[in-house]
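Have a look at data16.tsv below; it lists TSV, C-alpha atoms.
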```
chain	number	residue	atom	x	y	z
A	125	MET	CA	-20.22	-10.19	-9.73
A	126	ALA	CA	-18.80	-7.27	-11.74
A	127	ALA	CA	-21.91	-5.14	-11.20
A	128	SER	CA	-21.95	-5.73	-7.47
A	129	LEU	CA	-18.32	-4.64	-7.21
A	130	ARG	CA	-19.27	-1.00	-7.80
A	131	LEU	CA	-20.97	-0.48	-4.45
A	132	CYS	CA	-19.72	1.89	-1.72
A	133	ALA	CA	-18.03	1.34	1.64
A	134	ALA	CA	-18.66	2.14	5.32
A	135	ALA	CA	-16.46	2.66	8.37
A	136	SER	CA	-16.67	1.92	12.09
A	137	GLY	CA	-14.73	1.28	15.29
A	138	LEU	CA	-11.02	1.48	16.06
A	139	ARG	CA	-8.38	-0.68	17.71
A	140	TYR	CA	-4.73	0.22	17.58
A	141	TRP	CA	-1.48	-1.64	18.06
A	142	SER	CA	1.92	-0.04	17.77
A	143	ARG	CA	5.30	-1.60	18.21
A	144	ARG	CA	6.40	1.73	19.65
A	145	GLN	CA	3.85	1.49	22.44
A	146	ARG	CA	5.40	-1.59	23.99
A	147	PRO	CA	8.87	-2.61	25.15
A	148	ALA	CA	10.65	-3.81	22.01
A	149	ALA	CA	11.51	-7.30	23.26
A	150	ALA	CA	8.03	-7.99	24.60
A	151	SER	CA	6.16	-6.75	21.54
A	152	LEU	CA	8.31	-8.63	19.07
A	153	ALA	CA	8.01	-11.82	21.07
A	154	ALA	CA	4.24	-11.46	21.35
A	155	VAL	CA	3.57	-10.53	17.76
A	156	CYS	CA	6.16	-12.69	15.98
A	157	SER	CA	5.77	-15.90	17.96
A	158	ARG	CA	8.33	-18.63	17.36
A	159	SER	CA	5.84	-21.40	18.11
A	160	MET	CA	5.41	-24.29	15.71
A	161	ALA	CA	2.05	-22.85	14.65
A	162	SER	CA	3.69	-19.59	13.67
A	163	LYS	CA	6.27	-21.44	11.57
A	164	THR	CA	3.69	-23.00	9.28
A	165	PRO	CA	4.05	-21.64	5.73
A	166	VAL	CA	2.57	-18.27	4.79
A	167	GLY	CA	1.42	-17.69	1.23
A	168	PHE	CA	2.38	-14.44	-0.48
A	169	THR	CA	1.05	-13.27	-3.84
A	170	GLY	CA	2.35	-10.08	-5.45
A	171	LEU	CA	6.06	-9.24	-5.24
A	172	GLY	CA	6.16	-5.69	-6.58
A	173	ASN	CA	7.88	-2.66	-5.06
A	174	MET	CA	5.97	-3.14	-1.81
A	175	GLY	CA	5.29	-6.87	-1.75
A	176	ASN	CA	8.91	-7.86	-2.23
A	177	PRO	CA	10.29	-6.23	0.97
A	178	MET	CA	7.17	-7.20	2.91
A	179	ALA	CA	7.72	-10.87	2.05
A	180	LYS	CA	11.38	-10.57	2.99
A	181	ASN	CA	10.43	-9.28	6.44
A	182	LEU	CA	8.23	-12.33	6.99
A	183	MET	CA	11.24	-14.47	6.07
A	184	LYS	CA	13.39	-12.58	8.58
A	185	HIS	CA	10.86	-13.48	11.29
A	186	GLY	CA	11.12	-17.19	10.52
A	187	TYR	CA	8.11	-17.75	8.28
A	188	PRO	CA	8.54	-20.21	5.39
A	189	LEU	CA	6.86	-18.73	2.30
A	190	ILE	CA	4.80	-20.08	-0.57
A	191	ILE	CA	5.39	-17.50	-3.31
A	192	TYR	CA	3.57	-16.51	-6.50
A	193	ASP	CA	3.87	-13.55	-8.82
A	194	VAL	CA	2.58	-13.05	-12.35
A	195	PHE	CA	6.18	-12.23	-13.33
A	196	PRO	CA	8.21	-15.38	-12.54
A	197	ASP	CA	11.55	-13.55	-12.69
A	198	VAL	CA	10.81	-11.62	-9.49
A	199	CYS	CA	10.42	-14.93	-7.62
A	200	LYS	CA	13.96	-16.10	-8.38
A	201	GLU	CA	15.68	-14.50	-5.39
A	202	PHE	CA	13.11	-16.09	-3.07
A	203	GLN	CA	13.58	-19.46	-4.70
A	204	ASP	CA	17.35	-19.09	-4.38
A	205	ALA	CA	16.80	-18.36	-0.66
A	206	GLY	CA	14.96	-21.67	-0.27
A	207	GLU	CA	11.36	-20.47	-0.42
A	208	GLN	CA	8.80	-22.41	-2.44
A	209	VAL	CA	7.59	-20.84	-5.69
A	210	VAL	CA	4.33	-22.05	-7.26
A	211	SER	CA	2.60	-21.38	-10.57
A	212	SER	CA	-0.73	-19.82	-9.51
A	213	PRO	CA	-2.62	-18.23	-6.59
A	214	ALA	CA	-4.65	-21.44	-6.39
A	215	ASP	CA	-1.46	-23.39	-5.72
A	216	VAL	CA	-0.59	-20.93	-2.95
A	217	ALA	CA	-3.98	-21.61	-1.34
A	218	GLU	CA	-3.46	-25.36	-1.62
A	219	LYS	CA	-0.21	-25.19	0.33
A	220	ALA	CA	-0.85	-22.40	2.88
A	221	ASP	CA	-3.75	-21.52	5.17
A	222	ARG	CA	-2.53	-17.97	5.82
A	223	ILE	CA	-2.14	-15.87	2.69
A	224	ILE	CA	-1.21	-12.24	2.05
A	225	THR	CA	-1.89	-10.58	-1.28
A	226	MET	CA	-0.32	-7.30	-2.43
A	227	LEU	CA	-1.62	-6.31	-5.85
A	228	PRO	CA	-1.84	-3.09	-7.90
A	229	THR	CA	-5.55	-2.78	-8.72
A	230	SER	CA	-9.07	-4.05	-8.01
A	231	ILE	CA	-8.98	-6.04	-11.25
A	232	ASN	CA	-5.76	-7.77	-10.20
A	233	ALA	CA	-7.25	-8.61	-6.80
A	234	ILE	CA	-10.42	-10.05	-8.35
A	235	GLU	CA	-8.33	-12.20	-10.70
A	236	ALA	CA	-6.06	-13.41	-7.88
A	237	TYR	CA	-9.00	-14.48	-5.73
A	238	SER	CA	-11.80	-15.36	-8.15
A	239	GLY	CA	-10.01	-16.06	-11.43
A	240	ALA	CA	-9.67	-19.41	-13.19
A	241	ASN	CA	-6.53	-20.16	-11.14
A	242	GLY	CA	-7.45	-17.99	-8.19
A	243	ILE	CA	-7.15	-18.55	-4.48
A	244	LEU	CA	-10.80	-19.52	-4.10
A	245	LYS	CA	-10.31	-22.55	-6.36
A	246	LYS	CA	-8.28	-24.35	-3.71
A	247	VAL	CA	-8.70	-22.38	-0.48
A	248	LYS	CA	-9.05	-24.49	2.66
A	249	LYS	CA	-11.74	-23.97	5.26
A	250	GLY	CA	-10.54	-21.83	8.13
A	251	SER	CA	-7.85	-20.11	6.05
A	252	LEU	CA	-7.00	-16.47	6.79
A	253	LEU	CA	-6.72	-14.33	3.66
A	254	ILE	CA	-5.29	-10.83	4.11
A	255	ASP	CA	-5.37	-8.42	1.18
A	256	SER	CA	-2.93	-5.52	1.50
A	257	SER	CA	-3.71	-4.10	-1.94
A	258	THR	CA	-5.29	-0.66	-2.21
A	259	ILE	CA	-8.57	-1.30	-4.00
A	260	ASP	CA	-12.20	-0.23	-4.08
A	261	PRO	CA	-13.79	-0.89	-0.65
A	262	ALA	CA	-16.76	-2.43	-2.46
A	263	VAL	CA	-14.45	-4.98	-4.09
A	264	SER	CA	-13.07	-5.92	-0.68
A	265	LYS	CA	-16.62	-6.45	0.60
A	266	GLU	CA	-17.56	-8.61	-2.38
A	267	LEU	CA	-14.40	-10.70	-2.09
A	268	ALA	CA	-15.10	-11.18	1.62
A	269	LYS	CA	-18.53	-12.60	0.76
A	270	GLU	CA	-17.03	-15.03	-1.74
A	271	VAL	CA	-14.35	-16.09	0.74
A	272	GLU	CA	-16.92	-16.60	3.49
A	273	LYS	CA	-18.88	-18.98	1.23
A	274	MET	CA	-15.76	-21.14	1.12
A	275	GLY	CA	-15.52	-21.24	4.91
A	276	ALA	CA	-12.46	-18.96	5.07
A	277	VAL	CA	-11.82	-15.47	6.49
A	278	PHE	CA	-10.99	-12.34	4.48
A	279	MET	CA	-9.53	-9.12	5.85
A	280	ASP	CA	-8.50	-5.97	4.00
A	281	ALA	CA	-5.25	-4.50	5.31
A	282	PRO	CA	-3.84	-1.82	2.99
A	283	VAL	CA	-0.61	-0.13	4.00
A	284	SER	CA	0.97	3.29	4.31
A	285	GLY	CA	4.61	4.27	4.56
A	286	GLY	CA	6.04	3.61	1.12
A	287	VAL	CA	8.89	1.42	-0.02
A	288	GLY	CA	11.26	2.66	2.69
A	289	ALA	CA	8.88	1.61	5.47
A	290	ALA	CA	8.24	-1.69	3.70
A	291	ARG	CA	11.98	-2.41	3.72
A	292	SER	CA	12.48	-1.41	7.35
A	293	GLY	CA	9.33	-3.18	8.59
A	294	ASN	CA	7.70	0.07	9.72
A	295	LEU	CA	4.55	0.10	7.64
A	296	THR	CA	1.16	1.15	9.00
A	297	PHE	CA	-1.60	-1.40	8.34
A	298	MET	CA	-5.25	-0.34	8.29
A	299	VAL	CA	-7.28	-3.48	8.93
A	300	GLY	CA	-10.91	-4.22	8.15
A	301	GLY	CA	-12.67	-7.48	9.01
A	302	ALA	CA	-14.06	-9.54	11.85
A	303	GLU	CA	-12.68	-8.17	15.13
A	304	ASP	CA	-12.17	-11.63	16.59
A	305	GLU	CA	-9.74	-12.40	13.74
A	306	PHE	CA	-7.69	-9.24	14.28
A	307	ALA	CA	-5.16	-10.89	16.62
A	308	ALA	CA	-4.42	-13.60	14.05
A	309	ALA	CA	-3.84	-11.00	11.36
A	310	GLN	CA	-1.79	-8.85	13.72
A	311	GLU	CA	0.68	-11.67	14.32
A	312	LEU	CA	1.73	-11.54	10.67
A	313	LEU	CA	1.26	-7.84	10.01
A	314	GLY	CA	3.26	-6.89	13.09
A	315	CYS	CA	6.32	-8.49	11.47
A	316	MET	CA	6.03	-6.10	8.52
A	317	GLY	CA	4.78	-2.95	10.23
A	318	SER	CA	5.17	-0.91	13.39
A	319	ASN	CA	1.49	0.14	13.51
A	320	VAL	CA	-1.46	-2.19	12.99
A	321	VAL	CA	-4.83	-0.42	13.32
A	322	TYR	CA	-8.21	-2.14	13.47
A	323	CYS	CA	-10.69	0.06	11.57
A	324	GLY	CA	-13.92	-1.96	11.66
A	325	ALA	CA	-15.76	-4.23	9.23
A	326	VAL	CA	-14.36	-5.37	5.89
A	327	GLY	CA	-13.80	-2.37	3.64
A	328	THR	CA	-12.98	0.13	6.36
A	329	GLY	CA	-9.26	-0.49	6.00
A	330	GLN	CA	-9.59	0.49	2.35
A	331	ALA	CA	-11.68	3.52	3.31
A	332	ALA	CA	-8.93	4.74	5.65
A	333	LYS	CA	-6.23	4.16	3.03
A	334	ILE	CA	-8.15	6.05	0.32
A	335	CYS	CA	-8.55	9.05	2.64
A	336	ASN	CA	-4.86	8.93	3.56
A	337	ASN	CA	-3.67	8.80	-0.04
A	338	MET	CA	-5.96	11.61	-1.12
A	339	LEU	CA	-4.43	13.79	1.60
A	340	LEU	CA	-0.94	12.62	0.61
A	341	ALA	CA	-1.48	13.62	-3.02
A	342	ILE	CA	-2.81	17.04	-2.02
A	343	SER	CA	0.11	17.67	0.34
A	344	MET	CA	2.68	16.52	-2.24
A	345	ILE	CA	1.26	18.89	-4.84
A	346	GLY	CA	1.24	21.68	-2.27
A	347	THR	CA	4.84	20.98	-1.30
A	348	ALA	CA	5.90	20.90	-4.96
A	349	GLU	CA	4.12	24.20	-5.66
A	350	ALA	CA	5.65	25.89	-2.61
A	351	MET	CA	9.14	24.67	-3.41
A	352	ASN	CA	8.83	25.69	-7.07
A	353	LEU	CA	7.58	29.16	-6.13
A	354	GLY	CA	10.35	29.66	-3.58
A	355	ILE	CA	13.05	28.57	-6.02
A	356	ARG	CA	11.72	30.97	-8.67
A	357	LEU	CA	11.78	33.73	-6.06
A	358	GLY	CA	15.47	33.09	-5.55
A	359	LEU	CA	15.51	30.86	-2.46
A	360	ASP	CA	17.95	27.98	-2.13
A	361	PRO	CA	15.86	24.77	-2.16
A	362	LYS	CA	17.63	23.18	0.82
A	363	LEU	CA	17.21	26.36	2.85
A	364	LEU	CA	13.55	26.63	1.89
A	365	ALA	CA	12.94	23.00	2.84
A	366	LYS	CA	14.65	23.59	6.19
A	367	ILE	CA	12.43	26.61	6.87
A	368	LEU	CA	9.24	24.78	5.88
A	369	ASN	CA	10.18	21.86	8.11
A	370	MET	CA	10.58	24.05	11.18
A	371	SER	CA	7.41	26.00	10.40
A	372	SER	CA	3.67	25.39	10.18
A	373	GLY	CA	3.86	24.20	6.57
A	374	ARG	CA	5.76	21.07	7.57
A	375	CYS	CA	4.35	17.75	6.32
A	376	TRP	CA	5.55	14.26	5.35
A	377	SER	CA	5.99	15.35	1.74
A	378	SER	CA	8.34	18.14	2.81
A	379	ASP	CA	10.36	16.54	5.61
A	380	THR	CA	10.50	12.86	4.67
A	381	TYR	CA	9.87	12.60	0.92
A	382	ASN	CA	10.82	15.99	-0.49
A	383	PRO	CA	10.08	16.19	-4.23
A	384	VAL	CA	12.97	18.51	-5.16
A	385	PRO	CA	16.13	16.85	-6.51
A	386	GLY	CA	19.15	17.52	-4.33
A	387	VAL	CA	17.27	18.36	-1.15
A	388	MET	CA	17.26	14.86	0.37
A	389	ASP	CA	19.16	11.62	-0.15
A	390	GLY	CA	17.51	8.22	-0.40
A	391	VAL	CA	14.23	9.41	-1.90
A	392	PRO	CA	12.99	9.07	-5.51
A	393	SER	CA	13.66	12.74	-6.30
A	394	ALA	CA	17.36	11.96	-5.73
A	395	ASN	CA	17.17	9.16	-8.31
A	396	ASN	CA	15.37	10.75	-11.26
A	397	TYR	CA	12.07	9.78	-9.58
A	398	GLN	CA	12.70	6.08	-10.06
A	399	GLY	CA	11.23	3.55	-7.63
A	400	GLY	CA	8.81	4.52	-4.90
A	401	PHE	CA	5.07	4.94	-5.51
A	402	GLY	CA	4.22	5.45	-9.17
A	403	ALA	CA	2.14	8.33	-10.49
A	404	THR	CA	-0.14	5.75	-12.13
A	405	LEU	CA	-0.92	4.18	-8.76
A	406	MET	CA	-1.57	7.58	-7.20
A	407	ALA	CA	-3.95	8.43	-10.03
A	408	LYS	CA	-5.67	5.09	-9.43
A	409	ASP	CA	-6.06	5.74	-5.70
A	410	LEU	CA	-7.41	9.23	-6.35
A	411	GLY	CA	-9.90	7.69	-8.74
A	412	LEU	CA	-11.06	5.43	-5.90
A	413	ALA	CA	-11.43	8.49	-3.68
A	414	GLN	CA	-13.41	10.24	-6.41
A	415	ASP	CA	-15.75	7.26	-6.80
A	416	SER	CA	-16.27	7.04	-3.05
A	417	ALA	CA	-16.90	10.78	-2.82
A	418	THR	CA	-19.52	10.54	-5.56
A	419	SER	CA	-21.28	7.60	-3.92
A	420	THR	CA	-21.33	9.30	-0.51
A	421	LYS	CA	-22.03	12.79	-1.88
A	422	SER	CA	-18.90	14.14	-0.21
A	423	PRO	CA	-17.23	17.28	-1.62
A	424	ILE	CA	-13.52	16.74	-2.33
A	425	LEU	CA	-12.57	19.87	-4.24
A	426	LEU	CA	-8.83	19.55	-3.75
A	427	GLY	CA	-8.96	15.77	-4.10
A	428	SER	CA	-10.66	16.09	-7.47
A	429	GLN	CA	-8.09	18.64	-8.63
A	430	ALA	CA	-5.26	16.36	-7.48
A	431	HIS	CA	-6.84	13.51	-9.44
A	432	GLN	CA	-6.84	15.60	-12.61
A	433	ILE	CA	-3.22	16.66	-12.11
A	434	TYR	CA	-2.02	13.08	-11.73
A	435	ARG	CA	-4.08	11.97	-14.73
A	436	MET	CA	-2.43	14.72	-16.79
A	437	MET	CA	0.98	13.60	-15.54
A	438	CYS	CA	0.31	10.04	-16.67
A	439	ALA	CA	-0.79	11.29	-20.09
A	440	LYS	CA	2.42	13.30	-20.43
A	441	GLY	CA	4.93	10.57	-19.73
A	442	TYR	CA	5.14	10.52	-15.94
A	443	SER	CA	3.18	7.32	-15.38
A	444	LYS	CA	6.22	5.23	-14.37
A	445	LYS	CA	7.86	7.94	-12.29
A	446	ASP	CA	7.32	8.32	-8.55
A	447	PHE	CA	4.36	10.50	-7.62
A	448	SER	CA	6.73	13.14	-6.22
A	449	SER	CA	7.67	13.88	-9.84
A	450	VAL	CA	4.73	16.30	-9.72
A	451	PHE	CA	7.46	18.86	-8.89
A	452	GLN	CA	9.16	18.23	-12.23
A	453	PHE	CA	5.78	18.28	-13.98
A	454	LEU	CA	4.92	21.68	-12.49
A	455	ARG	CA	8.36	23.05	-13.37
A	456	GLU	CA	7.81	22.11	-17.00
A	457	GLU	CA	4.27	23.43	-17.21
A	458	GLU	CA	3.91	27.13	-17.96
A	459	THR	CA	0.14	27.07	-18.53
A	460	PHE	CA	-1.01	26.78	-14.88
```

Show me this structure written as structure tokens.
Amino acid sequence: MAASLRLCAAASGLRYWSRRQRPAAASLAAVCSRSMASKTPVGFTGLGNMGNPMAKNLMKHGYPLIIYDVFPDVCKEFQDAGEQVVSSPADVAEKADRIITMLPTSINAIEAYSGANGILKKVKKGSLLIDSSTIDPAVSKELAKEVEKMGAVFMDAPVSGGVGAARSGNLTFMVGGAEDEFAAAQELLGCMGSNVVYCGAVGTGQAAKICNNMLLAISMIGTAEAMNLGIRLGLDPKLLAKILNMSSGRCWSSDTYNPVPGVMDGVPSANNYQGGFGATLMAKDLGLAQDSATSTKSPILLGSQAHQIYRMMCAKGYSKKDFSSVFQFLREEETF
């Protein structure tokens, strides 16, 4: 199986659902149905920075949860809230026929699905398995094949929006899988996100996410460089950010997630770059983009450079800091 997991991905088609496109009451009622069927338990594996608030939003919409995480301590607050905690992904699959996984890497996803105590050991026929991890598209395709052999359905549905959007229920989901299963996935995903986009066959959700995160890394580095240059030229950082955000250089990294301490409240740069999306995970995602670019013979000159920068950051002690700490990294580096 390991060898086959190094294949490449493809993309096709597009369907789009947005909570903002419909009247609020109607969309919430349609997507988060209160029927008895909707109140059957949902399994959730992976309660990290993103998975934890995502699971809480399912709870808010009335879904009982079957919870598992490799670190039992993170399950305690869910157990205290009355949710059921089990000891393995297999036990989740035994008790729930709709399961969401949110894991850090391809290896973690493979273990959660195909490991000795993985989901596939006890998955029931007809189950819907939604993986919101960001992993190699080829791994998603291989897992889908294994799931299909067990008579269940697999969809990849990675997310964008960060921890803030996960908490507020405003994530964007990029979904790959059988189109006739999209509505079933949308019912759950719409309770955790404001945009749910159908991208095509299994693996295309991952393809979209990899492209998005490559662009995000490039724009964050660009924002950090511009802010650093302006500050060294004597500009006040808040003033510079204001100018950028009313000009053509504006981007998400500048107006929503600014990397300069003191410019914005409620972002990792205001908290010594704690929380958020770790530099290690960004380096991992850029590695996926690099692998995909190699397999498709696609030039990604800036993407490759961004990958090297984040790898250097991880080697120099930034691995656990938010990826916006690239600003601090550049400030400390005099060799560029």

Contacts of Val194 of chain A at 12 Å (all atoms listed in the file; same-chain gap of 6+ positions) as a PyMOL selection string: chain A and resi 168-172+209-213+226-228+232+235-236+241-242

- request: Pick out the residues sitting within 6 Å of segment 400-409 of chain A, and hand them over as an NGL selection string; count all atoms listed in the file, and ignore anything fewer than 2 positions along from it in its own chain.
  value: :A and (287 or 411-412 or 431 or 434-435 or 443-447)

Sorted per-residue table, segment 184-258 of chain A near segment 300-310 of chain A, closest atoms and distance, 12 Å, only C-alpha atoms, as CSV:
```
residue,atom,partner,partner_atom,distance
A:Asp221,CA,A:Ala308,CA,11.9
A:Arg222,CA,A:Ala309,CA,9.0
A:Ile223,CA,A:Ala309,CA,10.1
A:Ile224,CA,A:Ala309,CA,9.8
A:Gly250,CA,A:Glu305,CA,11.0
A:Ser251,CA,A:Ala308,CA,10.9
A:Leu252,CA,A:Ala309,CA,7.8
A:Leu253,CA,A:Ala309,CA,8.9
A:Ile254,CA,A:Ala309,CA,7.4
A:Asp255,CA,A:Gly300,CA,9.8
A:Ser256,CA,A:Gly300,CA,10.5
```

message: Under the rule that all atoms listed in the file are counted, which of A:Ala331, A:Val247, A:Cys438, A:Cys323 is the nearest residue to Val271 of chain A?
response: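 Looking only at the distances to Val271 of chain A, the closest residue turns out to be A:Val247.
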
field: Selection: 9 Å around Val391 of chain A, all atoms listed in the file, excl. self and same-chain fewer than 6 positions, as a PyMOL selection string
entry: chain A and resi 288+380-383+385+397-400

message: Using Å and a single decimal, report how far atom CA of Ser343 of chain A sits from atom CA of Ile367 of chain A.
response: 16.6 Å

- prompt: Can you list, as a PyMOL selection string, every protein, DNA or RNA residue that comes within 7 Å of Cys315 of chain A when you count only C-alpha atoms, leaving out same-chain residues fewer than 5 positions away?
  reply: chain A and resi 156+181-182+185+293

- request: Can you work out the spacing between atom CA of Ala341 of chain A and atom CA of Ser448 of chain A in Å, to one decimal?
  value: 8.8 Å

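Between atom CA of Phe195 of chain A and atom CA of Lys245 of chain A the separation is 20.7 Å.
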
message: List the spatial neighbours of Arg455 of chain A as a ChimeraX atom specification - criterion: any atom at most 12 Å away, all atoms listed in the file, same-chain residues fewer than 3 positions off excluded.
response: /A:345,348-356,383-384,449-452,458-460

query: With all atoms listed in the file as the basis for distance, which of A:Lys269, A:Ser318, A:Gly327, A:Lys200 is at the shortest distance from Ser284 of chain A?
result: A:Ser318

At a cut-off of 6 Å from (-6.6, 14.6, -5.7) in the coordinates of the file, what residues are picked up using only C-alpha atoms, written as a PDB file with C-alpha atoms, in the coordinates of the input?
```pdb
ATOM      1  CA  MET A 338      -5.960  11.610  -1.120  1.00  0.00           C
ATOM      2  CA  ALA A 341      -1.480  13.620  -3.020  1.00  0.00           C
ATOM      3  CA  ILE A 342      -2.810  17.040  -2.020  1.00  0.00           C
ATOM      4  CA  LEU A 410      -7.410   9.230  -6.350  1.00  0.00           C
ATOM      5  CA  LEU A 426      -8.830  19.550  -3.750  1.00  0.00           C
ATOM      6  CA  GLY A 427      -8.960  15.770  -4.100  1.00  0.00           C
ATOM      7  CA  SER A 428     -10.660  16.090  -7.470  1.00  0.00           C
ATOM      8  CA  GLN A 429      -8.090  18.640  -8.630  1.00  0.00           C
ATOM      9  CA  ALA A 430      -5.260  16.360  -7.480  1.00  0.00           C
ATOM     10  CA  HIS A 431      -6.840  13.510  -9.440  1.00  0.00           C
TER      11      HIS A 431
END
```
